[in-house]
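To be precise, the following lines are work-v4.csv, and they hold CSV, C-alpha atoms.
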```csv
chain,number,residue,atom,x,y,z
A,23,MET,CA,0.0,0.0,0.0
A,24,THR,CA,1.4,3.4,-1.0
A,25,LYS,CA,0.0,6.2,1.1
A,26,SER,CA,-1.1,9.4,-0.7
A,27,ILE,CA,-0.6,12.1,1.9
A,28,THR,CA,-2.5,14.6,-0.3
A,29,SER,CA,-5.6,12.5,-0.6
A,30,TYR,CA,-5.3,11.6,3.1
A,31,THR,CA,-5.2,15.3,4.1
A,32,THR,CA,-8.3,16.0,2.0
A,33,GLU,CA,-10.3,13.0,3.3
A,34,TYR,CA,-9.2,13.8,6.9
A,35,LEU,CA,-10.4,17.4,6.8
A,36,GLU,CA,-13.6,16.6,4.9
A,37,ASP,CA,-14.5,13.6,7.1
A,38,PHE,CA,-14.0,15.4,10.4
A,39,GLY,CA,-17.5,15.0,12.0
A,40,PHE,CA,-17.2,13.1,15.4
A,41,GLU,CA,-13.5,12.7,14.8
A,42,ALA,CA,-13.2,16.3,16.0
A,43,GLU,CA,-14.4,15.0,19.4
A,44,MET,CA,-11.9,12.2,19.3
A,45,VAL,CA,-9.1,14.5,18.4
A,46,SER,CA,-10.0,16.7,21.3
A,47,TYR,CA,-10.0,13.8,23.8
A,48,ARG,CA,-6.8,12.3,22.2
A,49,ARG,CA,-5.1,15.7,22.8
A,50,LYS,CA,-6.4,15.7,26.4
A,51,LEU,CA,-4.9,12.2,26.9
A,52,VAL,CA,-1.5,13.4,25.5
A,53,LEU,CA,-1.6,16.5,27.6
A,54,GLU,CA,-2.0,14.4,30.7
A,55,ARG,CA,0.9,12.2,29.7
A,56,LEU,CA,3.0,15.3,28.9
A,57,ALA,CA,2.2,16.7,32.4
A,58,HIS,CA,3.2,13.4,33.9
A,59,TYR,CA,6.7,13.4,32.3
A,60,SER,CA,7.3,17.2,31.9
A,61,PRO,CA,9.7,16.6,29.0
A,62,GLN,CA,12.1,19.4,27.9
A,63,THR,CA,12.8,17.8,24.5
A,64,ILE,CA,10.0,16.4,22.4
A,65,VAL,CA,9.7,14.9,18.9
A,66,GLU,CA,6.1,14.7,17.5
A,67,LEU,CA,5.3,12.5,14.5
A,68,GLY,CA,2.5,14.2,12.6
A,69,CYS,CA,0.8,17.2,14.0
A,70,GLY,CA,-2.5,17.3,12.1
A,71,ALA,CA,-4.6,20.4,12.0
A,72,ASP,CA,-4.5,21.2,15.7
A,73,LEU,CA,-1.2,21.6,17.4
A,74,GLN,CA,-0.6,19.6,20.6
A,75,ALA,CA,2.1,22.1,21.6
A,76,GLU,CA,-0.4,24.9,21.7
A,77,GLY,CA,-2.7,23.0,24.0
A,78,TYR,CA,0.2,22.1,26.2
A,79,TRP,CA,1.4,25.7,26.4
A,80,ASP,CA,-2.1,26.9,27.2
A,81,ALA,CA,-2.2,24.3,30.0
A,82,GLY,CA,1.0,25.8,31.5
A,83,GLY,CA,3.5,23.4,29.9
A,84,SER,CA,6.9,24.4,28.6
A,85,TRP,CA,9.8,22.9,26.7
A,86,ALA,CA,13.3,23.7,25.4
A,87,ASP,CA,12.8,22.0,22.0
A,88,TRP,CA,9.7,20.6,20.2
A,89,MET,CA,10.4,19.1,16.8
A,90,ILE,CA,7.4,18.3,14.6
A,91,ILE,CA,7.8,15.8,11.7
A,92,GLU,CA,4.9,16.2,9.4
A,93,PRO,CA,4.5,14.9,5.8
A,94,SER,CA,1.5,17.0,4.8
A,95,GLU,CA,2.4,20.5,3.5
A,96,VAL,CA,-1.0,21.8,4.8
A,97,PHE,CA,-0.3,20.7,8.3
A,98,ALA,CA,3.4,21.5,8.2
A,99,ASP,CA,2.6,25.1,7.2
A,100,ARG,CA,0.0,25.3,10.0
A,101,ALA,CA,2.8,24.3,12.5
A,102,ARG,CA,5.3,26.7,11.0
A,103,ALA,CA,2.8,29.5,11.5
A,104,SER,CA,2.6,28.9,15.3
A,105,PRO,CA,3.9,31.9,17.3
A,106,LEU,CA,5.2,29.6,20.0
A,107,SER,CA,9.0,29.5,20.5
A,108,GLY,CA,11.0,26.3,20.6
A,109,ILE,CA,9.1,24.7,17.8
A,110,ARG,CA,10.8,23.3,14.7
A,111,VAL,CA,9.1,21.7,11.7
A,112,VAL,CA,10.5,19.2,9.3
A,113,GLN,CA,8.3,18.2,6.4
A,114,GLY,CA,8.5,14.6,5.4
A,115,PHE,CA,7.8,11.1,6.6
A,116,PHE,CA,9.8,10.2,9.8
A,117,GLU,CA,11.4,7.2,8.2
A,118,ASP,CA,12.9,9.4,5.5
A,119,VAL,CA,14.1,12.3,7.6
A,120,ALA,CA,15.1,10.5,10.8
A,121,ASP,CA,18.7,11.7,10.3
A,122,GLN,CA,17.4,15.2,11.2
A,123,VAL,CA,15.9,14.1,14.4
A,124,PRO,CA,17.9,14.7,17.6
A,125,ASP,CA,19.3,11.7,19.5
A,126,SER,CA,18.0,10.8,22.9
A,127,VAL,CA,15.0,13.2,23.3
A,128,ASP,CA,12.9,13.0,26.5
A,129,LEU,CA,9.6,12.1,24.8
A,130,MET,CA,8.6,10.9,21.4
A,131,LEU,CA,5.0,11.3,20.5
A,132,CYS,CA,3.4,8.9,17.9
A,133,SER,CA,-0.2,9.9,18.3
A,134,GLY,CA,-3.0,8.5,16.1
A,135,LEU,CA,-0.4,7.4,13.4
A,136,LEU,CA,1.0,3.9,13.7
A,137,HIS,CA,-2.2,2.2,12.4
A,138,GLU,CA,-2.0,4.4,9.3
A,139,VAL,CA,1.5,3.9,7.9
A,140,PRO,CA,2.1,1.3,5.2
A,141,ASP,CA,5.1,-0.3,7.0
A,142,SER,CA,4.6,0.0,10.8
A,143,ASP,CA,7.7,-2.1,11.6
A,144,ARG,CA,9.9,0.3,9.6
A,145,LEU,CA,8.5,3.3,11.5
A,146,ILE,CA,9.0,1.7,14.9
A,147,SER,CA,12.6,0.7,13.9
A,148,ALA,CA,13.3,4.3,12.8
A,149,MET,CA,11.9,5.7,16.1
A,150,ARG,CA,13.9,3.2,18.2
A,151,GLN,CA,17.1,4.2,16.5
A,152,ARG,CA,16.6,7.8,17.6
A,153,MET,CA,15.7,6.9,21.2
A,154,GLY,CA,18.2,7.1,24.1
A,155,PRO,CA,18.1,5.3,27.4
A,156,GLN,CA,15.8,8.0,29.0
A,157,THR,CA,13.5,8.5,26.0
A,158,VAL,CA,9.9,7.5,26.5
A,159,LEU,CA,7.9,6.6,23.3
A,160,HIS,CA,4.2,7.3,23.5
A,161,VAL,CA,2.0,5.5,20.9
A,162,ASN,CA,-1.8,5.7,20.7
A,163,VAL,CA,-4.1,4.1,18.2
A,164,PRO,CA,-7.7,3.1,17.8
A,165,ASN,CA,-8.7,-0.1,19.6
A,166,ALA,CA,-9.9,-3.1,17.7
A,167,GLN,CA,-11.7,-4.3,20.9
A,168,SER,CA,-13.6,-1.0,21.3
A,169,ILE,CA,-17.1,-1.7,22.5
A,170,HIS,CA,-18.6,-0.2,19.2
A,171,ARG,CA,-16.7,-2.9,17.2
A,172,GLN,CA,-17.7,-5.6,19.6
A,173,LEU,CA,-21.3,-4.5,19.2
A,174,ALA,CA,-21.0,-4.6,15.4
A,175,HIS,CA,-19.6,-8.1,15.7
A,176,ALA,CA,-22.5,-9.2,18.0
A,177,MET,CA,-25.0,-7.8,15.5
A,178,ASN,CA,-23.3,-9.8,12.7
A,179,LEU,CA,-22.4,-6.6,10.9
A,180,ILE,CA,-18.7,-7.6,10.8
A,181,ASP,CA,-17.0,-11.0,10.9
A,182,ASP,CA,-14.0,-9.8,12.9
A,183,VAL,CA,-13.4,-6.9,15.3
A,184,LYS,CA,-10.2,-6.2,13.4
A,185,ALA,CA,-12.0,-5.8,10.1
A,186,ILE,CA,-11.1,-2.7,8.0
A,187,SER,CA,-14.1,-0.4,8.1
A,188,PRO,CA,-15.1,1.9,5.2
A,189,ARG,CA,-13.8,4.8,7.2
A,190,ASN,CA,-10.5,3.0,7.7
A,191,ALA,CA,-10.3,2.4,4.0
A,192,SER,CA,-11.1,6.0,3.1
A,193,LEU,CA,-8.3,7.3,5.4
A,194,GLN,CA,-5.8,4.6,4.1
A,195,GLN,CA,-5.6,2.9,7.5
A,196,PRO,CA,-4.4,-0.7,6.7
A,197,ARG,CA,-4.7,-2.2,10.3
A,198,VAL,CA,-6.5,-2.0,13.6
A,199,TYR,CA,-4.7,-2.9,16.8
A,200,ASP,CA,-5.7,-4.3,20.0
A,201,LEU,CA,-3.5,-4.0,23.1
A,202,PRO,CA,-1.7,-7.4,22.8
A,203,ASP,CA,-1.0,-6.7,19.1
A,204,LEU,CA,0.5,-3.3,19.9
A,205,THR,CA,2.6,-4.3,22.8
A,206,ALA,CA,3.9,-7.4,21.0
A,207,GLN,CA,5.0,-5.4,18.0
A,208,LEU,CA,6.9,-2.8,20.1
A,209,GLU,CA,8.6,-5.6,22.0
A,210,ARG,CA,9.6,-7.4,18.8
A,211,ASN,CA,11.3,-4.2,17.8
A,212,GLY,CA,13.4,-4.0,21.0
A,213,LEU,CA,11.2,-1.9,23.2
A,214,SER,CA,10.1,-2.5,26.8
A,215,ILE,CA,6.6,-1.5,27.8
A,216,THR,CA,6.4,0.9,30.7
A,217,ALA,CA,2.7,1.9,30.7
A,218,THR,CA,-0.5,1.1,28.9
A,219,GLY,CA,-4.0,2.5,29.0
A,220,GLY,CA,-7.0,3.8,27.0
A,221,HIS,CA,-9.5,6.6,26.8
A,222,PHE,CA,-13.1,7.2,25.8
A,223,VAL,CA,-15.7,4.5,25.6
A,224,LYS,CA,-17.5,5.0,22.3
A,225,PRO,CA,-20.6,2.8,22.1
A,226,PHE,CA,-21.4,3.5,18.4
A,227,THR,CA,-19.8,4.5,15.1
A,228,HIS,CA,-18.5,8.0,14.4
A,229,GLN,CA,-21.6,8.7,12.3
A,230,GLN,CA,-24.0,7.5,15.0
A,231,MET,CA,-22.1,9.4,17.8
A,232,GLU,CA,-22.0,12.7,16.1
A,233,PRO,CA,-25.6,13.9,16.9
A,234,LEU,CA,-25.3,12.5,20.5
A,235,VAL,CA,-22.7,15.2,21.4
A,236,ALA,CA,-25.4,17.9,21.5
A,237,GLU,CA,-28.2,15.5,22.7
A,238,LEU,CA,-26.2,14.0,25.7
A,239,GLY,CA,-24.0,17.0,26.6
A,240,ARG,CA,-20.4,17.6,27.5
A,241,ASN,CA,-20.7,16.0,30.9
A,242,VAL,CA,-21.6,12.6,29.3
A,243,MET,CA,-18.8,13.0,26.7
A,244,ASP,CA,-16.3,13.7,29.5
A,245,GLY,CA,-17.7,10.7,31.4
A,246,LEU,CA,-17.1,8.5,28.4
A,247,TYR,CA,-13.5,9.7,28.3
A,248,GLU,CA,-12.9,8.9,31.9
A,249,LEU,CA,-14.7,5.6,31.6
A,250,GLY,CA,-12.3,4.6,28.8
A,251,LYS,CA,-9.4,5.2,31.2
A,252,ARG,CA,-11.0,2.9,33.8
A,253,LEU,CA,-11.9,0.3,31.2
A,254,PRO,CA,-9.1,0.5,28.6
A,255,ASP,CA,-9.9,-2.9,27.1
A,256,LEU,CA,-13.2,-1.5,25.9
A,257,ALA,CA,-12.0,2.0,25.1
A,258,SER,CA,-12.2,3.5,21.6
A,259,GLU,CA,-8.4,4.2,21.7
A,260,ILE,CA,-5.5,2.6,23.5
A,261,TYR,CA,-2.0,3.8,24.3
A,262,VAL,CA,1.4,2.2,25.1
A,263,GLU,CA,4.5,3.8,26.4
A,264,ALA,CA,7.9,2.2,26.0
A,265,ARG,CA,11.7,2.6,26.4
A,266,ILE,CA,14.5,0.9,24.6
A,267,THR,CA,15.4,-2.5,26.0
```

Please express the file's structure as structure tokens.
Amino acid sequence: MTKSITSYTTEYLEDFGFEAEMVSYRRKLVLERLAHYSPQTIVELGCGADLQAEGYWDAGGSWADWMIIEPSEVFADRARASPLSGIRVVQGFFEDVADQVPDSVDLMLCSGLLHEVPDSDRLISAMRQRMGPQTVLHVNVPNAQSIHRQLAHAMNLIDDVKAISPRNASLQQPRVYDLPDLTAQLERNGLSITATGGHFVKPFTHQQMEPLVAELGRNVMDGLYELGKRLPDLASEIYVEARIT
């Protein structure tokens, strides 16, 4: 599979819908992990339309150096336009520009990305090569065991919770992970797992969830976010943090 970053950017922006909610809660999760580690040097793989750095700054965070690796010209230009200091942007795929990435940073963020790349082992290997003994790698991805996928399976709408959905296909996402898959792949690539978790229990599909935001209210959405942290196996998204072995 060859990923077209231009068509991906277009599909991503046009198909936002409930994904805007998921992006917001994904950013909230990463903010919590940033606050936990208080890193001074950060490498972020793919920034998307909303900058994680701006949210962290607004929450009182600070850093010495934040490097963003972003293949989309649209998103890279958005990052370059940020007024925040200490941000550097390199346009390209991480695997192709890894030689420009500093060695041994405090935190490497791979948020909402690993399930999308054509060769995930190549990306993990490239990230590991730029990690030092103190570097923490944070990876988050959608969860194949999410309750909405399990419900679809129970209704005989899909044969396998890891089936590629039409939305996965439109965004060129070739795989769906569960927690054992994700931890096993990182371990095969010489990484030791230091933390795991999840966030946001999403009972239904993106399309079905979209009208419920207004109908149920923010308190319910926030509750679903917290419930996912308590029940990571059922959460819509999962995360793993790791260091080099």

Compile the contact shell of A:Gln62 as a list in words: residues with an atom at most 10 Å away, counting all atoms listed in the file, same-chain residues fewer than 5 positions apart removed.
-> Gly83, Ser84, Trp85, Ala86, Asp87, Trp88, Val127, Asp128 and Leu129 of chain A

How many Å lie between atom CA of A:Asp182 and atom CA of A:Phe222, rounded to one decimal?
->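 Separating atom CA of A:Asp182 from atom CA of A:Phe222 is a distance of 21.4 Å.
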
Which of these residues is nearest to A:His221, using all atoms listed in the file: A:Leu208, A:Val163, A:Ala174, A:Ala101?
->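 Ranked by minimum distance to A:His221, first place goes to A:Val163.
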
Around the point (12.5, 5.1, 28.9) (coordinates from the file), which residues reach within 12 Å if we count only C-alpha atoms? Answer as a PDB file with C-alpha atoms, keeping the file's coordinate frame.
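See selection10.pdb below for the written result:
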```
ATOM      1  CA  TYR A  59       6.700  13.400  32.300  1.00  0.00           C
ATOM      2  CA  PRO A  61       9.700  16.600  29.000  1.00  0.00           C
ATOM      3  CA  SER A 126      18.000  10.800  22.900  1.00  0.00           C
ATOM      4  CA  VAL A 127      15.000  13.200  23.300  1.00  0.00           C
ATOM      5  CA  ASP A 128      12.900  13.000  26.500  1.00  0.00           C
ATOM      6  CA  LEU A 129       9.600  12.100  24.800  1.00  0.00           C
ATOM      7  CA  MET A 130       8.600  10.900  21.400  1.00  0.00           C
ATOM      8  CA  ARG A 150      13.900   3.200  18.200  1.00  0.00           C
ATOM      9  CA  MET A 153      15.700   6.900  21.200  1.00  0.00           C
ATOM     10  CA  GLY A 154      18.200   7.100  24.100  1.00  0.00           C
ATOM     11  CA  PRO A 155      18.100   5.300  27.400  1.00  0.00           C
ATOM     12  CA  GLN A 156      15.800   8.000  29.000  1.00  0.00           C
ATOM     13  CA  THR A 157      13.500   8.500  26.000  1.00  0.00           C
ATOM     14  CA  VAL A 158       9.900   7.500  26.500  1.00  0.00           C
ATOM     15  CA  LEU A 159       7.900   6.600  23.300  1.00  0.00           C
ATOM     16  CA  HIS A 160       4.200   7.300  23.500  1.00  0.00           C
ATOM     17  CA  LEU A 213      11.200  -1.900  23.200  1.00  0.00           C
ATOM     18  CA  SER A 214      10.100  -2.500  26.800  1.00  0.00           C
ATOM     19  CA  ILE A 215       6.600  -1.500  27.800  1.00  0.00           C
ATOM     20  CA  THR A 216       6.400   0.900  30.700  1.00  0.00           C
ATOM     21  CA  ALA A 217       2.700   1.900  30.700  1.00  0.00           C
ATOM     22  CA  GLU A 263       4.500   3.800  26.400  1.00  0.00           C
ATOM     23  CA  ALA A 264       7.900   2.200  26.000  1.00  0.00           C
ATOM     24  CA  ARG A 265      11.700   2.600  26.400  1.00  0.00           C
ATOM     25  CA  ILE A 266      14.500   0.900  24.600  1.00  0.00           C
ATOM     26  CA  THR A 267      15.400  -2.500  26.000  1.00  0.00           C
TER      27      THR A 267
END
```

Atom CA of A:Thr63 to atom CA of A:Glu43, straight-line distance in Å | 27.8 Å

Can you tell me, as a compact mmCIF listing (two decimals) with C-alpha atoms, keeping the file's coordinate frame, what residues are no more than 12 Å from A:Leu249 when counting all atoms listed in the file, ignoring any on the same chain fewer than 3 positions away?
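Final file, around00.txt:
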```
# COMPACT_ATOMS: atom_id res chain seq x y z
CA ILE A 169 -17.10 -1.70 22.50
CA GLY A 219 -4.00 2.50 29.00
CA GLY A 220 -7.00 3.80 27.00
CA HIS A 221 -9.50 6.60 26.80
CA PHE A 222 -13.10 7.20 25.80
CA VAL A 223 -15.70 4.50 25.60
CA LYS A 224 -17.50 5.00 22.30
CA PRO A 225 -20.60 2.80 22.10
CA VAL A 242 -21.60 12.60 29.30
CA MET A 243 -18.80 13.00 26.70
CA ASP A 244 -16.30 13.70 29.50
CA GLY A 245 -17.70 10.70 31.40
CA LEU A 246 -17.10 8.50 28.40
CA ARG A 252 -11.00 2.90 33.80
CA LEU A 253 -11.90 0.30 31.20
CA PRO A 254 -9.10 0.50 28.60
CA ASP A 255 -9.90 -2.90 27.10
CA LEU A 256 -13.20 -1.50 25.90
CA ALA A 257 -12.00 2.00 25.10
CA SER A 258 -12.20 3.50 21.60
CA GLU A 259 -8.40 4.20 21.70
```

Using all atoms listed in the file, find the one residue out of A:Tyr78, A:Phe115, A:Phe226, A:Tyr261 that sits nearest to A:Pro202.
->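 Closest residue, counting all atoms listed in the file: A:Tyr261.
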
Restricting the calculation to all atoms listed in the file, which member of A:Val183, A:Val123, A:Leu234, A:Ala103 is positioned closest to A:Ile64?
->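 Smallest separation from A:Ile64 among the options: A:Val123.
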
Using atom CA of A:Ile186 and atom CA of A:Tyr47 as the two end points, give the distance in Å to one decimal.
-> 22.9 Å

Of the listed residues A:Asp141, A:Glu66, A:Glu92, A:Glu41, that which approaches A:Pro164 most closely, counting all atoms listed in the file |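 Closest candidate: A:Glu41.
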
Measuring atom to atom with only C-alpha atoms, identify which of A:Asn162, A:Leu179, A:Arg100, A:Asp80 is nearest to A:Leu201.
->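 Using only C-alpha atoms, the shortest distance to A:Leu201 belongs to A:Asn162.
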
Nearest candidate to A:Ile146 (options A:Thr227, A:His58, A:Ala166, A:Gln207; using all atoms listed in the file) = A:Gln207

Excluding A:Ala98 and any residue of its chain fewer than 3 positions from it, enumerate the residues within 9 Å of it, using all atoms listed in the file, and give them as JSON, numbers by chain.
-> {"A": [68, 69, 70, 71, 90, 91, 92, 93, 94, 95, 101, 102, 103, 111, 112, 113]}

So that I have them on file, write out the residues from the current selection with C-alpha atoms, as a compact mmCIF listing (two decimals), keeping the file's coordinate frame.
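Now in selection.txt:
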```txt
# COMPACT_ATOMS: atom_id res chain seq x y z
CA GLY A 68 2.50 14.20 12.60
CA CYS A 69 0.80 17.20 14.00
CA GLY A 70 -2.50 17.30 12.10
CA ALA A 71 -4.60 20.40 12.00
CA ILE A 90 7.40 18.30 14.60
CA ILE A 91 7.80 15.80 11.70
CA GLU A 92 4.90 16.20 9.40
CA PRO A 93 4.50 14.90 5.80
CA SER A 94 1.50 17.00 4.80
CA GLU A 95 2.40 20.50 3.50
CA ALA A 101 2.80 24.30 12.50
CA ARG A 102 5.30 26.70 11.00
CA ALA A 103 2.80 29.50 11.50
CA VAL A 111 9.10 21.70 11.70
CA VAL A 112 10.50 19.20 9.30
CA GLN A 113 8.30 18.20 6.40
```

Using only C-alpha atoms, determine which residues lie at most 7 Å from A:Phe40, disregarding the query and same-chain residues fewer than 3 positions distant; provide the list as a PDB file with C-alpha atoms, in the coordinates of the input.
```pdb
ATOM      1  CA  GLU A  43     -14.400  15.000  19.400  1.00  0.00           C
ATOM      2  CA  MET A  44     -11.900  12.200  19.300  1.00  0.00           C
ATOM      3  CA  HIS A 228     -18.500   8.000  14.400  1.00  0.00           C
ATOM      4  CA  GLN A 229     -21.600   8.700  12.300  1.00  0.00           C
ATOM      5  CA  MET A 231     -22.100   9.400  17.800  1.00  0.00           C
ATOM      6  CA  GLU A 232     -22.000  12.700  16.100  1.00  0.00           C
TER       7      GLU A 232
END
```
